[in-house]
Structure formats: structure tokens, C-alpha cells
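Data file: model-v9.pdb. Format and content: PDB, C-alpha atoms.
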MODEL        1
ATOM      1  CA  LYS S   1     147.161 -15.448 116.394
ATOM      2  CA  GLY S   2     143.574 -14.447 116.947
ATOM      3  CA  GLU S   3     140.190 -13.884 115.440
ATOM      4  CA  TYR S   4     140.452 -10.466 113.822
ATOM      5  CA  ASP S   5     140.501  -8.519 110.574
ATOM      6  CA  ALA S   6     143.498  -6.316 109.819
ATOM      7  CA  GLY S   7     143.515  -3.285 107.585
ATOM      8  CA  ASN S   8     146.019  -0.570 106.817
ATOM      9  CA  PRO S   9     148.548  -0.548 109.689
ATOM     10  CA  GLU S  10     148.810   3.228 109.318
ATOM     11  CA  ASN S  11     145.192   3.644 110.427
ATOM     12  CA  PRO S  12     144.799   5.019 113.974
ATOM     13  CA  VAL S  13     141.858   3.014 115.332
ATOM     14  CA  ALA S  14     141.640  -0.472 116.854
ATOM     15  CA  VAL S  15     138.191  -1.943 117.520
ATOM     16  CA  SER S  16     137.167  -4.551 120.069
ATOM     17  CA  THR S  17     133.681  -5.885 119.411
ATOM     18  CA  CYS S  18     133.633  -7.792 122.726
ATOM     19  CA  GLY S  19     131.328 -10.796 122.300
ATOM     20  CA  SER S  20     129.748  -9.578 119.066
ATOM     21  CA  HIS S  21     130.820 -10.781 115.647
ATOM     22  CA  LEU S  22     130.425  -7.671 113.531
ATOM     23  CA  LYS S  23     131.485  -7.174 109.918
ATOM     24  CA  GLY S  24     135.148  -6.240 109.932
ATOM     25  CA  ALA S  25     135.384  -5.123 106.309
ATOM     26  CA  ALA S  26     133.231  -2.031 106.833
ATOM     27  CA  GLN S  27     135.203  -1.062 109.939
ATOM     28  CA  ILE S  28     138.499  -1.493 108.091
ATOM     29  CA  ALA S  29     137.209   0.645 105.213
ATOM     30  CA  ALA S  30     136.185   3.339 107.719
ATOM     31  CA  GLY S  31     139.733   3.628 109.122
ATOM     32  CA  ALA S  32     140.281   0.773 111.582
ATOM     33  CA  ALA S  33     143.730  -0.802 111.577
ATOM     34  CA  ILE S  34     142.430  -3.930 113.303
ATOM     35  CA  THR S  35     139.058  -5.172 114.526
ATOM     36  CA  GLY S  36     137.670  -8.290 116.126
ATOM     37  CA  PRO S  37     135.940  -9.839 119.098
ATOM     38  CA  GLN S  38     137.397 -10.001 122.593
ATOM     39  CA  LYS S  39     135.742 -12.813 124.462
ATOM     40  CA  THR S  40     137.880 -13.050 127.583
ATOM     41  CA  GLU S  41     139.101 -10.619 130.196
ATOM     42  CA  ASN S  42     142.558 -12.158 130.333
ATOM     43  CA  LEU S  43     144.109 -13.740 127.210
ATOM     44  CA  GLY S  44     141.796 -11.721 124.954
ATOM     45  CA  ILE S  45     143.048  -8.504 126.507
ATOM     46  CA  GLU S  46     146.648  -9.648 126.298
ATOM     47  CA  LYS S  47     146.285 -10.228 122.543
ATOM     48  CA  ILE S  48     144.687  -6.825 121.997
ATOM     49  CA  VAL S  49     147.354  -5.013 124.010
ATOM     50  CA  ALA S  50     150.143  -6.836 122.146
ATOM     51  CA  ASN S  51     148.644  -5.921 118.762
ATOM     52  CA  ILE S  52     148.113  -2.288 119.744
ATOM     53  CA  ILE S  53     151.554  -1.635 121.194
ATOM     54  CA  SER S  54     153.208  -3.319 118.228
ATOM     55  CA  ASN S  55     151.736  -0.572 116.039
ATOM     56  CA  PRO S  56     152.496   2.993 117.217
ATOM     57  CA  ASN S  57     150.046   4.368 114.630
ATOM     58  CA  ILE S  58     147.092   3.129 116.691
ATOM     59  CA  ARG S  59     145.873   5.988 118.884
ATOM     60  CA  PHE S  60     142.346   4.871 119.805
ATOM     61  CA  LEU S  61     140.695   1.702 121.034
ATOM     62  CA  LEU S  62     136.965   1.644 120.360
ATOM     63  CA  VAL S  63     135.269  -0.869 122.671
ATOM     64  CA  THR S  64     131.875  -1.823 121.295
ATOM     65  CA  GLY S  65     129.521  -4.768 120.880
ATOM     66  CA  SER S  66     127.854  -6.896 123.528
ATOM     67  CA  GLU S  67     129.593  -7.855 126.738
ATOM     68  CA  VAL S  68     130.400 -11.518 127.273
ATOM     69  CA  LYS S  69     128.351 -12.713 130.243
ATOM     70  CA  GLY S  70     130.540 -13.472 133.253
ATOM     71  CA  HIS S  71     133.749 -12.361 131.584
ATOM     72  CA  ILE S  72     132.761  -8.700 131.126
ATOM     73  CA  SER S  73     135.734  -8.314 128.799
ATOM     74  CA  GLY S  74     134.896  -4.813 127.542
ATOM     75  CA  GLU S  75     134.819  -3.366 131.032
ATOM     76  CA  ALA S  76     138.061  -5.211 131.825
ATOM     77  CA  ILE S  77     140.045  -3.632 128.985
ATOM     78  CA  LEU S  78     138.703  -0.184 129.867
ATOM     79  CA  MET S  79     139.721  -0.742 133.513
ATOM     80  CA  LEU S  80     143.161  -1.981 132.448
ATOM     81  CA  HIS S  81     143.675   1.221 130.490
ATOM     82  CA  LYS S  82     142.383   3.391 133.322
ATOM     83  CA  ASN S  83     143.774   1.620 136.401
ATOM     84  CA  GLY S  84     146.408  -0.924 135.341
ATOM     85  CA  ILE S  85     146.979  -4.095 137.348
ATOM     86  CA  LYS S  86     147.821  -5.018 140.931
ATOM     87  CA  ASP S  87     149.046  -8.517 141.706
ATOM     88  CA  ASN S  88     148.237  -9.378 138.048
ATOM     89  CA  ARG S  89     144.539  -8.491 138.540
ATOM     90  CA  VAL S  90     142.950  -5.714 136.468
ATOM     91  CA  VAL S  91     142.095  -3.046 139.037
ATOM     92  CA  GLY S  92     138.374  -2.240 138.997
ATOM     93  CA  SER S  93     137.283  -5.115 136.777
ATOM     94  CA  THR S  94     134.250  -7.138 137.873
ATOM     95  CA  GLY S  95     134.756 -10.060 135.466
ATOM     96  CA  ALA S  96     135.301 -13.639 136.576
ATOM     97  CA  ILE S  97     139.056 -13.906 135.943
ATOM     98  CA  PRO S  98     140.559 -10.534 134.964
ATOM     99  CA  TYR S  99     144.180 -11.572 135.393
ATOM    100  CA  ILE S 100     146.970 -10.406 133.100
ATOM    101  CA  GLU S 101     149.904 -12.777 133.406
ATOM    102  CA  ASN S 102     151.718 -12.562 130.066
ATOM    103  CA  LEU S 103     152.336  -8.823 129.691
ATOM    104  CA  PRO S 104     155.206  -7.016 131.386
ATOM    105  CA  ASP S 105     154.495  -3.777 133.246
ATOM    106  CA  ASP S 106     156.157  -1.694 130.523
ATOM    107  CA  ALA S 107     153.745  -3.140 127.924
ATOM    108  CA  ILE S 108     150.773  -2.088 130.022
ATOM    109  CA  LYS S 109     152.253   1.371 130.568
ATOM    110  CA  ARG S 110     152.862   1.707 126.838
ATOM    111  CA  PHE S 111     149.234   0.681 126.155
ATOM    112  CA  GLN S 112     147.984   3.275 128.641
ATOM    113  CA  ALA S 113     150.129   6.043 127.164
ATOM    114  CA  GLN S 114     149.669   5.203 123.490
ATOM    115  CA  ILE S 115     145.899   5.157 123.148
ATOM    116  CA  GLN S 116     142.682   6.739 124.231
ATOM    117  CA  THR S 117     139.785   4.385 124.888
ATOM    118  CA  VAL S 118     136.307   5.081 123.571
ATOM    119  CA  GLU S 119     133.485   3.188 125.253
ATOM    120  CA  MET S 120     130.489   2.113 123.156
ATOM    121  CA  ILE S 121     129.738  -1.164 124.949
ATOM    122  CA  GLY S 122     126.327  -2.493 123.965
ATOM    123  CA  THR S 123     126.396  -0.861 120.526
ATOM    124  CA  GLU S 124     126.092  -3.237 117.584
ATOM    125  CA  ASP S 125     124.737  -0.631 115.165
ATOM    126  CA  GLU S 126     127.152  -0.780 112.238
ATOM    127  CA  GLY S 127     126.392   2.791 111.161
ATOM    128  CA  ALA S 128     127.144   4.205 114.622
ATOM    129  CA  ILE S 129     130.367   2.211 114.902
ATOM    130  CA  ILE S 130     131.572   3.258 111.450
ATOM    131  CA  ALA S 131     130.725   6.893 112.179
ATOM    132  CA  LYS S 132     132.768   6.754 115.393
ATOM    133  CA  ILE S 133     135.744   5.123 113.609
ATOM    134  CA  LYS S 134     135.682   7.900 110.984
ATOM    135  CA  GLU S 135     135.441  10.552 113.700
ATOM    136  CA  LEU S 136     138.410   9.100 115.569
ATOM    137  CA  ALA S 137     140.474   8.732 112.393
ATOM    138  CA  ALA S 138     139.800  12.391 111.547
ATOM    139  CA  LYS S 139     140.730  13.422 115.094
ATOM    140  CA  ALA S 140     144.048  11.573 114.835
ATOM    141  CA  GLU S 141     144.748  13.125 111.453
ATOM    142  CA  SER S 142     144.133  16.616 112.787
ATOM    143  CA  SER S 143     146.886  16.050 115.392
ATOM    144  CA  LEU S 144     144.529  16.558 118.326
ATOM    145  CA  CYS S 145     145.863  13.435 120.015
ATOM    146  CA  PRO S 146     149.659  13.582 120.267
ATOM    147  CA  LEU S 147     151.373  10.421 121.432
ATOM    148  CA  LYS S 148     152.482  10.863 125.045
ATOM    149  CA  LEU S 149     155.167   8.261 125.573
ATOM    150  CA  PRO S 150     158.209   8.401 127.802
ATOM    151  CA  LEU S 151     161.118   9.982 125.946
ATOM    152  CA  SER S 152     163.031   6.698 125.992
ATOM    153  CA  ARG S 153     160.201   5.061 124.055
ATOM    154  CA  GLN S 154     159.820   7.608 121.270
ATOM    155  CA  GLY S 155     161.491   6.760 118.009
TER     156      GLY S 155
ENDMDL
END

Spit out the file's structure as C-alpha cells when you get a sec.
Amino acid sequence: KGEYDAGNPENPVAVSTCGSHLKGAAQIAAGAAITGPQKTENLGIEKIVANIISNPNIRFLLVTGSEVKGHISGEAILMLHKNGIKDNRVVGSTGAIPYIENLPDDAIKRFQAQIQTVEMIGTEDEGAIIAKIKELAAKAESSLCPLKLPLSRQG
């Protein structure tokens, strides 16, 4: 469950619009597999990670839109990808409650290995976001971003 728009599951880009409610249809048409807001630095992240790792076609997470005051959810998901967690806390996150309690370590490792993050926090310009989605989709198609998963995880 969540507040998101889903497109073709074969598309390689997921989009978090942080606290902004941006038009999902244009992002889906540009090549996003899933897009939607991420308001919290805990359950919101857990939902995004679960959706991403359930679809091995997703290779990029574009983090855009306005930060949610206090929660700083965009920074938190970038820090999760970069640093992981320690004692359930997202290492390096400055948000109010950046605790991940419902994802096992292997899910976080899979998330870190499966995708590349692209930071555009603060951007609400639909044209810029769509251009970046198209760029990332083309990059994935050109095989410049091979999936680097542990051998036991590759199908």
C-alpha cells in the first residue's frame, strides 16, 4: 500500500518526490516504473525499498521534490543507500526519526547493490525531472549500469 503511480514494471527508474505531489503520469510516460511522494524517513523509506527490491528491473532511484521539514526524508533515503543502518538508525541522516525497523539487512544490501541514486532534491520542475528520467532510462538501456548483486541473488 502507498501513495504512488505505477507504470511499466520493466522500466528502470523509480522516483521519490519527497514532500511534493508532482504529476505521476508524465513521469511514467518518460520511463519511470513507479513514482510518488515519500513523506517520512522511516516507514516511507521502507515502502520505497520494498517496492524497488521487488522489481529487479529498477536500476535508478531519482530523489526529487521538496524536503519534508523535520523529516528530511530525501536525505535519509540517500544516506540509507550510501551508508546503511547501525542499530536501526540510518547512518548520516539528520531527520527526526530515521529508523528502519521493518527491513532485514539483506533487503538493505540488495537495495544498495541494485540501484544508483540520483539526487535532485529541491527540484519540482517537471521538464527537468522528465529529462532526467529519460536520461536514466537510456543509460540503463545502453547497459552502462550492470546489476552488481551477490552471485547467490542473481537469477

Item to complete: Given the file shown, enumerate the residues that the PyMOL selection byres ((chain S and resi 140) around 12) captures and present them as a list of chain:residue names.
Response: S:Glu10, S:Asn11, S:Pro12, S:Val13, S:Gly31, S:Ala32, S:Asn57, S:Ile58, S:Arg59, S:Phe60, S:Ile115, S:Gln116, S:Ile133, S:Lys134, S:Glu135, S:Leu136, S:Ala137, S:Ala138, S:Lys139, S:Glu141, S:Ser142, S:Ser143, S:Leu144, S:Cys145, S:Pro146, S:Leu147

Discussion item. Could you check which residues have any atom within 10 Å of (140.4, -5.3, 137.2), counting all atoms listed in the file with coordinates taken straight from the file, and then list them as a PyMOL selection string?
Written reply: chain S and resi 41-42+75-86+88-100

Just write the chosen residues, C-alpha atoms, as an mmCIF file, in the coordinates of the input.
data_model
loop_
_atom_site.group_PDB
_atom_site.id
_atom_site.type_symbol
_atom_site.label_atom_id
_atom_site.label_comp_id
_atom_site.auth_asym_id
_atom_site.auth_seq_id
_atom_site.Cartn_x
_atom_site.Cartn_y
_atom_site.Cartn_z
ATOM 1 C CA GLU S 41 139.101 -10.619 130.196
ATOM 2 C CA ASN S 42 142.558 -12.158 130.333
ATOM 3 C CA GLU S 75 134.819 -3.366 131.032
ATOM 4 C CA ALA S 76 138.061 -5.211 131.825
ATOM 5 C CA ILE S 77 140.045 -3.632 128.985
ATOM 6 C CA LEU S 78 138.703 -0.184 129.867
ATOM 7 C CA MET S 79 139.721 -0.742 133.513
ATOM 8 C CA LEU S 80 143.161 -1.981 132.448
ATOM 9 C CA HIS S 81 143.675 1.221 130.490
ATOM 10 C CA LYS S 82 142.383 3.391 133.322
ATOM 11 C CA ASN S 83 143.774 1.620 136.401
ATOM 12 C CA GLY S 84 146.408 -0.924 135.341
ATOM 13 C CA ILE S 85 146.979 -4.095 137.348
ATOM 14 C CA LYS S 86 147.821 -5.018 140.931
ATOM 15 C CA ASN S 88 148.237 -9.378 138.048
ATOM 16 C CA ARG S 89 144.539 -8.491 138.540
ATOM 17 C CA VAL S 90 142.950 -5.714 136.468
ATOM 18 C CA VAL S 91 142.095 -3.046 139.037
ATOM 19 C CA GLY S 92 138.374 -2.240 138.997
ATOM 20 C CA SER S 93 137.283 -5.115 136.777
ATOM 21 C CA THR S 94 134.250 -7.138 137.873
ATOM 22 C CA GLY S 95 134.756 -10.060 135.466
ATOM 23 C CA ALA S 96 135.301 -13.639 136.576
ATOM 24 C CA ILE S 97 139.056 -13.906 135.943
ATOM 25 C CA PRO S 98 140.559 -10.534 134.964
ATOM 26 C CA TYR S 99 144.180 -11.572 135.393
ATOM 27 C CA ILE S 100 146.970 -10.406 133.100
#

Worksheet item: Near Leu62 (chain S), within 7 Å and counting all atoms listed in the file, which residues show up once chain neighbours fewer than 6 positions away are dropped, as a count of residues only?
Response: 6

Worksheet item: Could you work out how far CA of Gly127 (chain S) lies from CA of Gly36 (chain S), giving the answer in Å with one decimal?
Response: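 Interatomic distance, CA of Gly36 (chain S) to CA of Gly127 (chain S): 16.6 Å.
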
Worksheet item: For this file, the PyMOL selection byres ((chain S and resi 124) around 8) selects which residues, as a list in words?
Response: Ser20, Leu22, Thr64, Gly65, Ser66, Gly122, Thr123, Asp125, Glu126 and Ile129 of chain S

Worksheet item: Quick one: distance from CA of Val63 (chain S) to CA of Cys18 (chain S) in Å, one decimal?
Response: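 Interatomic distance here is 7.1 Å.
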
Worksheet item: What does the PyMOL selection byres ((chain S and resi 106) around 12) select in this file, as number ranges by chain?
Response: S: 49-50, 53, 84-85, 102-105, 107-114, 149-150, 152-153

Worksheet entry | Selection near Ile130 (chain S), 9 Å with only C-alpha atoms, sequence-local residues under 6 positions removed, as a list in words |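 Within the cut-off, the hits are Ala26, Gln27, Ala29, Ala30 and Gly31 of chain S.
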
Practice prompt. Could you check which of S:Pro56, S:Gly70, S:Gly7, S:Gly2 is closest to Gly44 (chain S), using only C-alpha atoms?
Written response: S:Gly2

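A straight line drawn from CA of Asp5 (chain S) to CA of Lys69 (chain S) is 23.5 Å long.
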
Worksheet entry | S:Ile45, S:Ala33, S:Met120, S:Ile28 ranked by distance to Lys132 (chain S), top pick (using only C-alpha atoms) |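 Checking each of S:Ile45, S:Ala33, S:Met120, S:Ile28 against Lys132 (chain S), counting only C-alpha atoms, the winner is S:Met120.
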
Discussion item. Can you pull out the residues contacting Tyr4 (chain S)? Cut-off 7 Å, using all atoms listed in the file, and skip same-chain residues under 6 positions away; I want them as an MDAnalysis selection string.
Written reply: chainID S and resid 34:37

Provide an axis-aligned box for all listed atoms of region 12-23 of chain S, padding each side by 4 Å; report its centre and its edge lengths in Å to one decimal, as JSON.
{"center_x": 137.3, "center_y": -2.9, "center_z": 116.3, "size_x": 23.1, "size_y": 23.8, "size_z": 20.8}
